[in-house]
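Below is one structure, written out as structure tokens; the observations come after it.
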Amino acid sequence: MRKGPGRERARDLADWRRALVVAFFATGLGMATWVSRTPAIRDAIGASTGEMGLVIAGLSVGSVVGIAAGGRFVVRRGARFVVALGMAAIVLGLLVAALGVVVGEGVLVAAGLACFGYGMGSGEIGLNVGGVELEIAVGRSVVPGLHGWYSLGVFAGGLAGLGANSAGVPVFAHLAAVALLAAAGSRWLVARLPPLTVPAPADGPAPGVADTDGGGRAWLDGRLLGLGVIILGMALAEGSANDWLPLIVVDGFGRSAALGSVVYALFGLSMAVGRLSGGAAIDRFGRAPVIRAGALTAAAGIGLVAVAPDLVWGVAGTLLWGLGASLGFPVVLSAAGDDPVHAARRATAVASAGYAAFLAGPPVLGFLAEEVGLRDAILVVLAAVLATVPCSGAVRPPGRPASRHAPPPAGPGAVPEAGPPPTADGRRP
């Protein structure tokens with residue numbers, strides 16, 4: 001029996017989603033692998049807390065460069081190219097950082113993290129623009145769930161880090177093994193990703209790029225600035241946990257690196273729970289109330305970690321921290337994609353604001369922690385999260401045509417029409 005176009009389209013969309021799921025999971029796994037071994041890496045290169053902040057800043061610098069490059073490439077070469085290049089950079093970055101640990105050179109570790117960060121940043125653009133386009137195609141929220149798979153990757157990586165720390169596995173062996181696993185997964189997923197943005201013709205503007213008179217920026221407006229403020233604060237909340245949570249457990253609570261990996265894994269799990277359940281919450285309450293509640297929850301969790309009398313309360317604060325911060329990044333990116341013409345540029349702009357927080361956060365918190373300790377230093381993060389509450393209305397969908405999202409499927413197996421489906425080789429007609 002020949003398959004009808006509806007079944008083929010459903011299969012194409014399912015393959016697309018599976019490829020995005022694997023990519024998000026792999027990036028989370030890679031991030032957690034690095035984070036869970038930060039105490040061992042710090043000891044191996046003999047860095048102080050302030051020096052470690054500079055090493056970690058390599059990750060953020062690479063991410064910002066990757067965001068800028070990815071935003072251009074995704075509208076000129078297609079997202080498949082951006083994701084493939086990003087995954088290759090992640091693999092190379094892990095290997096270079098592992099080599100830096102072997103030779104005891106913090107500069108080499110920072111260089112590896114910069115390469116890793118480039119892959120994370122550029123891939124973030126391709127994957128999130130792809131998630132927004134998939135969301136349009138299926139007519140329901142999928143971006144928070146995709147980010148939930150990133151958080152599940154963080155959880156899995158944290159548990160693997162626990163095992164590696166407990167068993168005394170060398171950092172080089174651990175990072176190299178994850179790099180090879182990411183390389184294998186990349187080959188599979190890239191083959192199943194359509195080029196989410198058609199390359200621009202040589203004599204015309206790239207799709208998703210404003211074609212404005214006089215070089216104006218039609219895609220830049222007050223709502224986008226509000227989204228930038230939100231993602232700045234929420235990315236700082238997420239990024240500061242990625243950068244410092246294991247060291248907070250070790251230095252702030254006087255516990256082992258293995259226990260630090262457990263706490264970080266729990267943070268990733270709470271992020272995953274928030275993201276995987278976030279679509280239902282958004283559908284019921286709306287984006288703005290969910291973002292406000294999340295910011296207040298994250299602030300309460302960060303404050304509890306800062307003042308907790310023991311690690312039990314610190315773990316409770318960590319869970320609130322992760323749950324509250326979970327939807328900030330995906331919801332803002334989804335809101336930026338509401339514009340059907342300028343989605344790629346708007347997503348790039350708000351993602352850049354988020355990575356600005358990743359860039360500034362590690363050195364600022366590191367040097368501040370030299371004076372007051374890590375637990376007091378994260379109060380700066382608490383203030384930044386609270387500053388997002390007045391801007392939460394920016395995530396509300398603006399008025400748009402009813403066709404922006406396709407109607408829900410009519411029944412089991414039905415697929416909404418949202419433009420021509422990808423062909424067998426992933427290209428759109």
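A note on labels: chains of the structure tokens are A, B, ... as shown, every chain counts residues from 1, and ligands are counted from 1 in their shown order.
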Review point. Which neighbours of Asn165 (chain A) fall inside 9 Å, counting only C-alpha atoms, when residues of the same chain fewer than 2 positions from it are skipped, and could you give them as a count of residues only?
Key: 15
Check your understanding: Taking only C-alpha atoms into account, which of A:Trp313, A:Trp321, A:Trp188, A:Trp16 comes nearest Leu296 (chain A)?
Key ->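 Looking at the shortest contact to Leu296 (chain A), the residue is A:Trp321.
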**Study point:** Residue nearest Leu266 (chain A) among A:Thr318, A:Ser48, A:Thr27, A:Ser334 (counting only C-alpha atoms)
**Key:**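 The answer is A:Thr318, which sits nearest to Leu266 (chain A).
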Practice item. Skip region 117-124 of chain A itself and residues of its chain fewer than 3 positions away, then list as a PyMOL selection string all residues within 8 Å of it, counting only C-alpha atoms. Key: chain A and resi 27+58-71+82-90+93+113-114+127-128+355
Review point. Could you state the separation of CA of Gly126 (chain A) and CA of Val350 (chain A) in Å, given to one decimal place?
Key: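 Taking CA of Gly126 (chain A) and CA of Val350 (chain A), their separation equals 13.8 Å.
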Practice item. Within 10 Å of region 222-229 of chain A, counting only C-alpha atoms, which residues show up once you throw out same-chain ones fewer than 6 positions away? Write them as a VMD selection string, please. Key: chain A and resid 235 328 to 329 331 to 333 335 to 336 346 to 347 349 to 354 384 to 385 387 to 396 398
Check your understanding: Pick the closest to Val143 (chain A) from A:Gly239, A:Pro289, A:Gly303, A:Gly279: which is it, counting only C-alpha atoms?
Key ->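 Residue with the minimum atom-to-atom distance to Val143 (chain A): A:Gly279.
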Review point. Which residue gives the smallest distance to Val129 (chain A) among A:Gly294, A:Gly301, A:Gly112, A:Pro194, with only C-alpha atoms counted?
Key: A:Pro194
